[in-house]
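What follows is the content of data-v8.txt, which has compact mmCIF, N, CA, C and O atoms and all ligand atoms:
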```txt
# COMPACT_ATOMS: atom_id res chain seq x y z
N MET A 1 5.27 -15.83 7.54
CA MET A 1 4.75 -14.46 7.54
C MET A 1 4.12 -14.11 6.20
O MET A 1 4.74 -14.26 5.16
N SER A 2 2.89 -13.65 6.24
CA SER A 2 2.29 -13.25 4.99
C SER A 2 1.97 -11.76 5.06
O SER A 2 1.95 -11.16 6.14
N PHE A 3 1.74 -11.20 3.90
CA PHE A 3 1.39 -9.79 3.82
C PHE A 3 0.19 -9.50 4.71
O PHE A 3 0.17 -8.52 5.45
N GLU A 4 -0.81 -10.38 4.63
CA GLU A 4 -2.04 -10.14 5.39
C GLU A 4 -1.84 -10.27 6.89
O GLU A 4 -2.48 -9.56 7.65
N SER A 5 -0.97 -11.18 7.33
CA SER A 5 -0.79 -11.28 8.78
C SER A 5 -0.04 -10.06 9.30
O SER A 5 -0.32 -9.59 10.40
N ASP A 6 0.88 -9.51 8.52
CA ASP A 6 1.52 -8.25 8.89
C ASP A 6 0.50 -7.12 8.93
O ASP A 6 0.45 -6.35 9.88
N LEU A 7 -0.29 -7.06 7.86
CA LEU A 7 -1.26 -5.98 7.76
C LEU A 7 -2.26 -6.00 8.91
O LEU A 7 -2.62 -4.96 9.45
N SER A 8 -2.67 -7.20 9.30
CA SER A 8 -3.64 -7.28 10.39
C SER A 8 -3.05 -6.78 11.70
O SER A 8 -3.77 -6.44 12.62
N LYS A 9 -1.70 -6.72 11.78
CA LYS A 9 -1.05 -6.16 12.97
C LYS A 9 -0.70 -4.69 12.78
O LYS A 9 0.03 -4.10 13.58
N GLY A 10 -1.15 -4.13 11.68
CA GLY A 10 -0.88 -2.72 11.43
C GLY A 10 0.45 -2.43 10.78
O GLY A 10 0.94 -1.32 10.81
N ILE A 11 1.05 -3.47 10.18
CA ILE A 11 2.35 -3.29 9.52
C ILE A 11 2.16 -3.39 8.02
O ILE A 11 1.64 -4.40 7.51
N PHE A 12 2.59 -2.36 7.31
CA PHE A 12 2.53 -2.40 5.86
C PHE A 12 3.90 -2.84 5.35
O PHE A 12 4.91 -2.19 5.58
N SER A 13 3.93 -3.99 4.69
CA SER A 13 5.19 -4.48 4.13
C SER A 13 5.02 -4.63 2.63
O SER A 13 3.90 -4.75 2.13
N ILE A 14 6.12 -4.59 1.92
CA ILE A 14 6.05 -4.66 0.45
C ILE A 14 6.55 -6.02 -0.03
O ILE A 14 7.69 -6.40 0.24
N PRO A 15 5.68 -6.77 -0.73
CA PRO A 15 6.07 -8.10 -1.21
C PRO A 15 6.98 -7.99 -2.43
O PRO A 15 6.61 -7.38 -3.43
N GLU A 16 8.16 -8.57 -2.33
CA GLU A 16 9.13 -8.50 -3.41
C GLU A 16 9.72 -9.89 -3.65
O GLU A 16 10.06 -10.59 -2.70
N CYS A 17 9.86 -10.25 -4.91
CA CYS A 17 10.42 -11.56 -5.24
C CYS A 17 11.90 -11.62 -4.89
O CYS A 17 12.66 -10.73 -5.21
N ARG A 18 12.31 -12.69 -4.22
CA ARG A 18 13.71 -12.87 -3.83
C ARG A 18 14.60 -13.12 -5.02
O ARG A 18 15.78 -12.83 -4.99
N SER A 19 14.05 -13.73 -6.07
CA SER A 19 14.89 -14.08 -7.22
C SER A 19 15.00 -12.95 -8.23
O SER A 19 16.09 -12.62 -8.68
N CYS A 20 13.86 -12.36 -8.62
CA CYS A 20 13.94 -11.37 -9.69
C CYS A 20 13.63 -9.95 -9.22
O CYS A 20 13.62 -9.02 -10.03
N ASN A 21 13.38 -9.78 -7.92
CA ASN A 21 13.13 -8.46 -7.33
C ASN A 21 11.87 -7.76 -7.82
O ASN A 21 11.72 -6.56 -7.65
N LYS A 22 10.99 -8.51 -8.44
CA LYS A 22 9.75 -7.89 -8.88
C LYS A 22 8.86 -7.60 -7.66
O LYS A 22 8.82 -8.40 -6.73
N ILE A 23 8.17 -6.46 -7.67
CA ILE A 23 7.21 -6.15 -6.61
C ILE A 23 5.92 -6.91 -6.94
O ILE A 23 5.40 -6.78 -8.05
N ILE A 24 5.47 -7.71 -6.01
CA ILE A 24 4.31 -8.57 -6.29
C ILE A 24 3.05 -7.95 -5.71
O ILE A 24 2.85 -7.90 -4.50
N TRP A 25 2.21 -7.49 -6.62
CA TRP A 25 0.96 -6.85 -6.19
C TRP A 25 -0.14 -7.23 -7.14
O TRP A 25 0.05 -7.08 -8.34
N PRO A 26 -1.30 -7.70 -6.69
CA PRO A 26 -1.65 -8.01 -5.30
C PRO A 26 -0.72 -9.03 -4.66
O PRO A 26 -0.12 -9.85 -5.37
N PRO A 27 -0.59 -8.95 -3.34
CA PRO A 27 0.36 -9.79 -2.62
C PRO A 27 0.11 -11.28 -2.85
O PRO A 27 -1.03 -11.72 -2.94
N SER A 28 1.20 -12.01 -2.97
CA SER A 28 1.11 -13.45 -3.17
C SER A 28 2.35 -14.09 -2.57
O SER A 28 3.35 -13.42 -2.34
N GLU A 29 2.30 -15.37 -2.32
CA GLU A 29 3.44 -16.07 -1.73
C GLU A 29 4.54 -16.32 -2.75
O GLU A 29 5.70 -16.44 -2.42
N PHE A 30 4.12 -16.44 -4.02
CA PHE A 30 5.08 -16.74 -5.07
C PHE A 30 5.04 -15.68 -6.16
O PHE A 30 3.99 -15.09 -6.43
N CYS A 31 6.17 -15.47 -6.79
CA CYS A 31 6.30 -14.48 -7.85
C CYS A 31 5.48 -14.92 -9.08
O CYS A 31 5.55 -16.07 -9.48
N ASN A 32 4.74 -13.98 -9.65
CA ASN A 32 3.95 -14.33 -10.83
C ASN A 32 4.77 -14.27 -12.11
O ASN A 32 4.28 -14.50 -13.21
N GLN A 33 6.04 -13.95 -11.99
CA GLN A 33 6.91 -13.90 -13.16
C GLN A 33 7.86 -15.09 -13.20
O GLN A 33 8.01 -15.73 -14.22
N CYS A 34 8.49 -15.41 -12.05
CA CYS A 34 9.49 -16.49 -12.08
C CYS A 34 9.18 -17.59 -11.05
O CYS A 34 9.96 -18.51 -10.88
N PHE A 35 8.05 -17.48 -10.35
CA PHE A 35 7.64 -18.44 -9.32
C PHE A 35 8.60 -18.50 -8.14
O PHE A 35 8.61 -19.45 -7.38
N GLY A 36 9.41 -17.48 -7.99
CA GLY A 36 10.32 -17.41 -6.85
C GLY A 36 9.55 -17.12 -5.57
O GLY A 36 8.37 -16.76 -5.59
N ILE A 37 10.25 -17.26 -4.47
CA ILE A 37 9.63 -16.99 -3.17
C ILE A 37 9.60 -15.49 -2.92
O ILE A 37 10.56 -14.77 -3.22
N VAL A 38 8.49 -15.04 -2.38
CA VAL A 38 8.31 -13.62 -2.15
C VAL A 38 8.69 -13.25 -0.71
O VAL A 38 8.30 -13.92 0.24
N ASN A 39 9.47 -12.22 -0.59
CA ASN A 39 9.95 -11.70 0.66
C ASN A 39 9.15 -10.45 1.02
O ASN A 39 8.72 -9.76 0.12
N LEU A 40 8.99 -10.18 2.30
CA LEU A 40 8.28 -8.96 2.67
C LEU A 40 9.28 -7.90 3.13
O LEU A 40 9.97 -8.08 4.13
N LYS A 41 9.36 -6.82 2.38
CA LYS A 41 10.26 -5.73 2.75
C LYS A 41 9.57 -4.87 3.79
O LYS A 41 8.41 -4.53 3.66
N LYS A 42 10.31 -4.54 4.85
CA LYS A 42 9.75 -3.68 5.89
C LYS A 42 10.37 -2.30 5.77
O LYS A 42 11.49 -2.16 5.30
N GLY A 43 9.67 -1.35 6.27
CA GLY A 43 10.25 -0.01 6.27
C GLY A 43 9.18 1.05 6.30
O GLY A 43 8.00 0.78 6.37
N GLU A 44 9.65 2.27 6.24
CA GLU A 44 8.76 3.42 6.19
C GLU A 44 8.71 3.83 4.72
O GLU A 44 9.54 4.59 4.25
N PHE A 45 7.75 3.29 4.02
CA PHE A 45 7.73 3.55 2.59
C PHE A 45 7.03 4.86 2.27
O PHE A 45 6.04 5.21 2.89
N GLU A 46 7.57 5.54 1.28
CA GLU A 46 6.97 6.78 0.86
C GLU A 46 6.20 6.54 -0.43
O GLU A 46 6.72 5.94 -1.37
N GLY A 47 4.96 6.98 -0.44
CA GLY A 47 4.14 6.83 -1.62
C GLY A 47 3.78 8.18 -2.19
O GLY A 47 4.07 9.22 -1.60
N LYS A 48 3.16 8.15 -3.36
CA LYS A 48 2.81 9.38 -4.05
C LYS A 48 1.32 9.35 -4.36
O LYS A 48 0.80 8.33 -4.83
N ILE A 49 0.65 10.45 -4.12
CA ILE A 49 -0.78 10.52 -4.42
C ILE A 49 -0.98 10.68 -5.93
O ILE A 49 -0.44 11.60 -6.53
N VAL A 50 -1.72 9.74 -6.51
CA VAL A 50 -1.95 9.83 -7.96
C VAL A 50 -3.37 10.32 -8.29
O VAL A 50 -3.61 10.81 -9.39
N GLU A 51 -4.25 10.19 -7.34
CA GLU A 51 -5.64 10.59 -7.55
C GLU A 51 -6.29 10.76 -6.20
O GLU A 51 -5.86 10.14 -5.24
N PHE A 52 -7.32 11.60 -6.13
CA PHE A 52 -8.07 11.63 -4.88
C PHE A 52 -9.52 12.00 -5.13
O PHE A 52 -9.87 12.51 -6.19
N SER A 53 -10.34 11.70 -4.17
CA SER A 53 -11.73 12.08 -4.28
C SER A 53 -12.26 12.43 -2.90
O SER A 53 -11.65 12.10 -1.87
N ARG A 54 -13.36 13.13 -2.89
CA ARG A 54 -13.94 13.57 -1.63
C ARG A 54 -15.29 12.91 -1.47
O ARG A 54 -16.08 12.86 -2.41
N GLN A 55 -15.51 12.34 -0.31
CA GLN A 55 -16.80 11.70 -0.02
C GLN A 55 -17.24 12.12 1.37
O GLN A 55 -16.55 11.83 2.33
N ASN A 56 -18.37 12.80 1.45
CA ASN A 56 -18.90 13.25 2.75
C ASN A 56 -17.85 13.91 3.63
O ASN A 56 -17.65 13.49 4.76
N ASN A 57 -17.18 14.91 3.09
CA ASN A 57 -16.16 15.64 3.85
C ASN A 57 -14.93 14.83 4.23
O ASN A 57 -14.15 15.26 5.07
N GLU A 58 -14.78 13.67 3.64
CA GLU A 58 -13.57 12.89 3.89
C GLU A 58 -12.84 12.75 2.55
O GLU A 58 -13.48 12.65 1.51
N TYR A 59 -11.53 12.72 2.64
CA TYR A 59 -10.74 12.58 1.43
C TYR A 59 -10.14 11.18 1.34
O TYR A 59 -9.60 10.66 2.32
N PHE A 60 -10.24 10.61 0.16
CA PHE A 60 -9.64 9.31 -0.11
C PHE A 60 -8.69 9.48 -1.28
O PHE A 60 -9.03 10.16 -2.25
N CYS A 61 -7.53 8.90 -1.19
CA CYS A 61 -6.62 9.04 -2.32
C CYS A 61 -6.05 7.70 -2.73
O CYS A 61 -5.99 6.75 -1.95
N LEU A 62 -5.66 7.68 -3.99
CA LEU A 62 -5.00 6.52 -4.54
C LEU A 62 -3.51 6.80 -4.41
O LEU A 62 -3.01 7.80 -4.94
N VAL A 63 -2.81 5.95 -3.67
CA VAL A 63 -1.41 6.19 -3.39
C VAL A 63 -0.57 5.10 -4.05
O VAL A 63 -0.89 3.92 -3.93
N GLU A 64 0.47 5.54 -4.73
CA GLU A 64 1.33 4.60 -5.43
C GLU A 64 2.66 4.43 -4.70
O GLU A 64 3.30 5.41 -4.33
N PHE A 65 3.04 3.16 -4.48
CA PHE A 65 4.31 2.82 -3.85
C PHE A 65 5.15 2.01 -4.82
O PHE A 65 4.63 1.12 -5.50
N GLU A 66 6.43 2.29 -4.86
CA GLU A 66 7.38 1.50 -5.66
C GLU A 66 6.91 1.29 -7.10
O GLU A 66 7.18 0.25 -7.69
N LYS A 67 6.22 2.28 -7.65
CA LYS A 67 5.72 2.28 -9.03
C LYS A 67 4.76 1.14 -9.37
O LYS A 67 4.30 1.01 -10.49
N ASN A 68 4.45 0.27 -8.44
CA ASN A 68 3.71 -0.93 -8.78
C ASN A 68 2.49 -1.17 -7.90
O ASN A 68 1.59 -1.89 -8.26
N ILE A 69 2.53 -0.59 -6.73
CA ILE A 69 1.48 -0.86 -5.75
C ILE A 69 0.58 0.36 -5.67
O ILE A 69 1.07 1.48 -5.52
N ARG A 70 -0.70 0.13 -5.79
CA ARG A 70 -1.64 1.24 -5.62
C ARG A 70 -2.66 0.86 -4.58
O ARG A 70 -3.30 -0.18 -4.69
N VAL A 71 -2.78 1.70 -3.55
CA VAL A 71 -3.76 1.43 -2.52
C VAL A 71 -4.65 2.66 -2.34
O VAL A 71 -4.24 3.78 -2.58
N LEU A 72 -5.87 2.39 -1.91
CA LEU A 72 -6.81 3.45 -1.61
C LEU A 72 -6.64 3.79 -0.13
O LEU A 72 -6.71 2.90 0.71
N ALA A 73 -6.39 5.05 0.16
CA ALA A 73 -6.12 5.42 1.54
C ALA A 73 -6.89 6.67 1.92
O ALA A 73 -7.19 7.52 1.10
N LYS A 74 -7.18 6.73 3.20
CA LYS A 74 -7.87 7.90 3.73
C LYS A 74 -6.82 8.91 4.17
O LYS A 74 -5.76 8.53 4.68
N ILE A 75 -7.12 10.18 3.95
CA ILE A 75 -6.18 11.22 4.38
C ILE A 75 -6.97 12.31 5.09
O ILE A 75 -8.11 12.61 4.71
N LEU A 76 -6.39 12.88 6.14
CA LEU A 76 -7.15 13.86 6.93
C LEU A 76 -7.06 15.27 6.35
O LEU A 76 -8.02 16.01 6.37
N LYS A 77 -5.88 15.62 5.83
CA LYS A 77 -5.74 16.96 5.23
C LYS A 77 -6.14 16.91 3.76
O LYS A 77 -6.17 15.84 3.16
N ILE A 78 -6.38 18.08 3.19
CA ILE A 78 -6.73 18.15 1.77
C ILE A 78 -5.52 17.69 0.95
O ILE A 78 -4.43 18.26 1.06
N PRO A 79 -5.71 16.64 0.14
CA PRO A 79 -4.56 16.09 -0.58
C PRO A 79 -4.23 16.88 -1.85
O PRO A 79 -5.04 17.65 -2.34
N GLU A 80 -3.04 16.66 -2.36
CA GLU A 80 -2.63 17.23 -3.64
C GLU A 80 -2.05 16.11 -4.48
O GLU A 80 -1.37 15.23 -3.96
N ILE A 81 -2.30 16.18 -5.79
CA ILE A 81 -1.72 15.18 -6.70
C ILE A 81 -0.19 15.31 -6.65
O ILE A 81 0.34 16.41 -6.69
N GLY A 82 0.48 14.20 -6.56
CA GLY A 82 1.94 14.22 -6.53
C GLY A 82 2.53 14.35 -5.14
O GLY A 82 3.73 14.22 -4.95
N GLN A 83 1.68 14.61 -4.17
CA GLN A 83 2.14 14.75 -2.78
C GLN A 83 2.74 13.44 -2.26
O GLN A 83 2.23 12.36 -2.54
N LYS A 84 3.83 13.54 -1.50
CA LYS A 84 4.47 12.36 -0.92
C LYS A 84 3.84 12.09 0.44
O LYS A 84 3.72 13.00 1.25
N VAL A 85 3.46 10.86 0.65
CA VAL A 85 2.83 10.49 1.92
C VAL A 85 3.39 9.17 2.44
O VAL A 85 4.02 8.41 1.71
N LYS A 86 3.14 8.95 3.73
CA LYS A 86 3.51 7.68 4.34
C LYS A 86 2.28 7.08 5.00
O LYS A 86 1.38 7.81 5.40
N ILE A 87 2.30 5.79 5.15
CA ILE A 87 1.18 5.13 5.80
C ILE A 87 1.23 5.45 7.30
O ILE A 87 2.26 5.22 7.95
N SER A 88 0.15 5.98 7.81
CA SER A 88 0.14 6.29 9.24
C SER A 88 -0.60 5.21 10.03
O SER A 88 -0.39 5.02 11.22
N LYS A 89 -1.48 4.50 9.33
CA LYS A 89 -2.26 3.45 9.99
C LYS A 89 -2.73 2.50 8.90
O LYS A 89 -3.06 2.94 7.80
N CYS A 90 -2.76 1.20 9.22
CA CYS A 90 -3.30 0.26 8.24
C CYS A 90 -3.77 -0.98 8.97
O CYS A 90 -3.46 -1.19 10.15
N GLY A 91 -4.53 -1.78 8.28
CA GLY A 91 -5.02 -3.00 8.90
C GLY A 91 -6.05 -3.66 8.02
O GLY A 91 -6.18 -3.35 6.84
N ILE A 92 -6.75 -4.61 8.61
CA ILE A 92 -7.80 -5.31 7.89
C ILE A 92 -9.07 -5.16 8.72
O ILE A 92 -9.06 -5.42 9.92
N SER A 93 -10.11 -4.69 8.06
CA SER A 93 -11.37 -4.50 8.75
C SER A 93 -12.48 -5.14 7.93
O SER A 93 -12.60 -4.85 6.74
N ASN A 94 -13.25 -6.00 8.54
CA ASN A 94 -14.31 -6.75 7.84
C ASN A 94 -13.80 -7.41 6.56
O ASN A 94 -14.47 -7.39 5.53
N GLY A 95 -12.61 -7.94 6.61
CA GLY A 95 -12.08 -8.66 5.45
C GLY A 95 -11.46 -7.80 4.38
O GLY A 95 -10.93 -8.31 3.40
N SER A 96 -11.51 -6.47 4.53
CA SER A 96 -10.84 -5.67 3.50
C SER A 96 -9.72 -4.83 4.09
O SER A 96 -9.75 -4.46 5.27
N TYR A 97 -8.75 -4.55 3.24
CA TYR A 97 -7.59 -3.78 3.68
C TYR A 97 -8.01 -2.32 3.86
O TYR A 97 -8.82 -1.82 3.10
N PHE A 98 -7.45 -1.66 4.87
CA PHE A 98 -7.63 -0.22 4.92
C PHE A 98 -6.30 0.46 5.22
O PHE A 98 -5.42 -0.13 5.85
N PHE A 99 -6.17 1.65 4.70
CA PHE A 99 -4.93 2.41 4.87
C PHE A 99 -5.26 3.86 5.17
O PHE A 99 -6.21 4.41 4.61
N HIS A 100 -4.49 4.46 6.06
CA HIS A 100 -4.54 5.90 6.27
C HIS A 100 -3.16 6.43 5.95
O HIS A 100 -2.16 5.80 6.28
N VAL A 101 -3.11 7.58 5.32
CA VAL A 101 -1.80 8.18 5.03
C VAL A 101 -1.77 9.60 5.58
O VAL A 101 -2.80 10.22 5.82
N SER A 102 -0.57 10.08 5.79
CA SER A 102 -0.41 11.46 6.21
C SER A 102 0.90 12.00 5.66
O SER A 102 1.74 11.24 5.19
ZN ZN A 201 10.42 -13.40 -9.47
```

As a first step, turn the structure in this file into structure tokens.
Ligand SMILES: [Zn+2]
Amino acid sequence: MSFESDLSKGIFSIPECRSCNKIIWPPSEFCNQCFGIVNLKKGEFEGKIVEFSRQNNEYFCLVEFEKNIRVLAKILKIPEIGQKVKISKCGISNGSYFFHVS
């Protein structure tokens, strides 16, 4: 199981090293600190909006998870800095990751 195969099924998982518990981002099979095997944590993760921008009446925000992961996500309501959000939809489209939060 890799991060990308989960993501392509619409599952957002968090890559974490089994040995040193470091969050591995960008996702990789091995830890970049201790070369340990990376495990994928599943769950309903809560992220925090750190930045947002508006493009053609759509809002995109930078969402931080577990202090280490930052993803660009689309949001339907007007976002606020510091707002807590969860991933409502995710996947891979044309080779790039996409995320929606609410
Ligand atoms: Zn490690």

Please produce, as CSV, a per-residue contact table for chain A versus ligand ZN 201 (chain A) (criterion: any atom at most 8 Å away, all atoms listed in the file considered), showing the nearest atom pair and its distance in Å to one decimal, sorted by chain then residue number.
```
residue,atom,partner,partner_atom,distance
A:Glu16,C,A:ZN201,ZN,6.8
A:Cys17,CA,A:ZN201,ZN,4.6
A:Arg18,N,A:ZN201,ZN,5.6
A:Ser19,C,A:ZN201,ZN,4.8
A:Cys20,N,A:ZN201,ZN,3.7
A:Asn21,N,A:ZN201,ZN,4.9
A:Lys22,N,A:ZN201,ZN,5.0
A:Ile23,N,A:ZN201,ZN,7.5
A:Phe30,C,A:ZN201,ZN,6.7
A:Cys31,CA,A:ZN201,ZN,4.6
A:Asn32,N,A:ZN201,ZN,5.7
A:Gln33,C,A:ZN201,ZN,4.8
A:Cys34,N,A:ZN201,ZN,3.8
A:Phe35,N,A:ZN201,ZN,4.8
A:Gly36,N,A:ZN201,ZN,4.5
A:Ile37,N,A:ZN201,ZN,6.3
A:Val38,N,A:ZN201,ZN,7.5
```

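For the pair atom CA of Glu46 of chain A and atom CA of Leu7 of chain A, the interatomic distance is 16.7 Å.
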
Among chain A, which ones does DSSP place in strand (DSSP E), written as a ChimeraX atom specification?
/A:14-17,38-41,46-55,58-65,69-75,84-93,96-101

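Within 5 Å of the point (3.8, 7.2, 2.4) in file coordinates, and counting only N, CA, C and O atoms, lie the residues A:Phe45, A:Glu46, A:Gly47, A:Val85, A:Lys86, A:Ile87.
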
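Using only C-alpha atoms, the nearest neighbour of Pro79 of chain A within the list A:Ile92, A:Ile49, A:Tyr97, A:Ser13 is A:Ile49.
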
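With all atoms listed in the file as the atoms that count, the residue of A:Lys41, A:Phe12, A:Phe99, A:Lys48 with the shortest distance to Lys67 of chain A is A:Lys48.
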
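With all atoms listed in the file as the basis for measurement, A:Ser102 is the residue among A:Asn56, A:Ser88, A:Ser93, A:Ser102 that approaches Leu76 of chain A most closely.
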
Enumerate, as a PyMOL selection string, the complete set of residues in chain A that a backbone-based DSSP assignment places in alpha helix (DSSP H).
chain A and resi 3-8

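In this model, the gap between atom N of His100 of chain A and atom O of Lys84 of chain A comes to 12.8 Å.
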
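Between atom CA of Glu64 of chain A and atom CA of Glu80 of chain A the interatomic distance comes to 13.4 Å.
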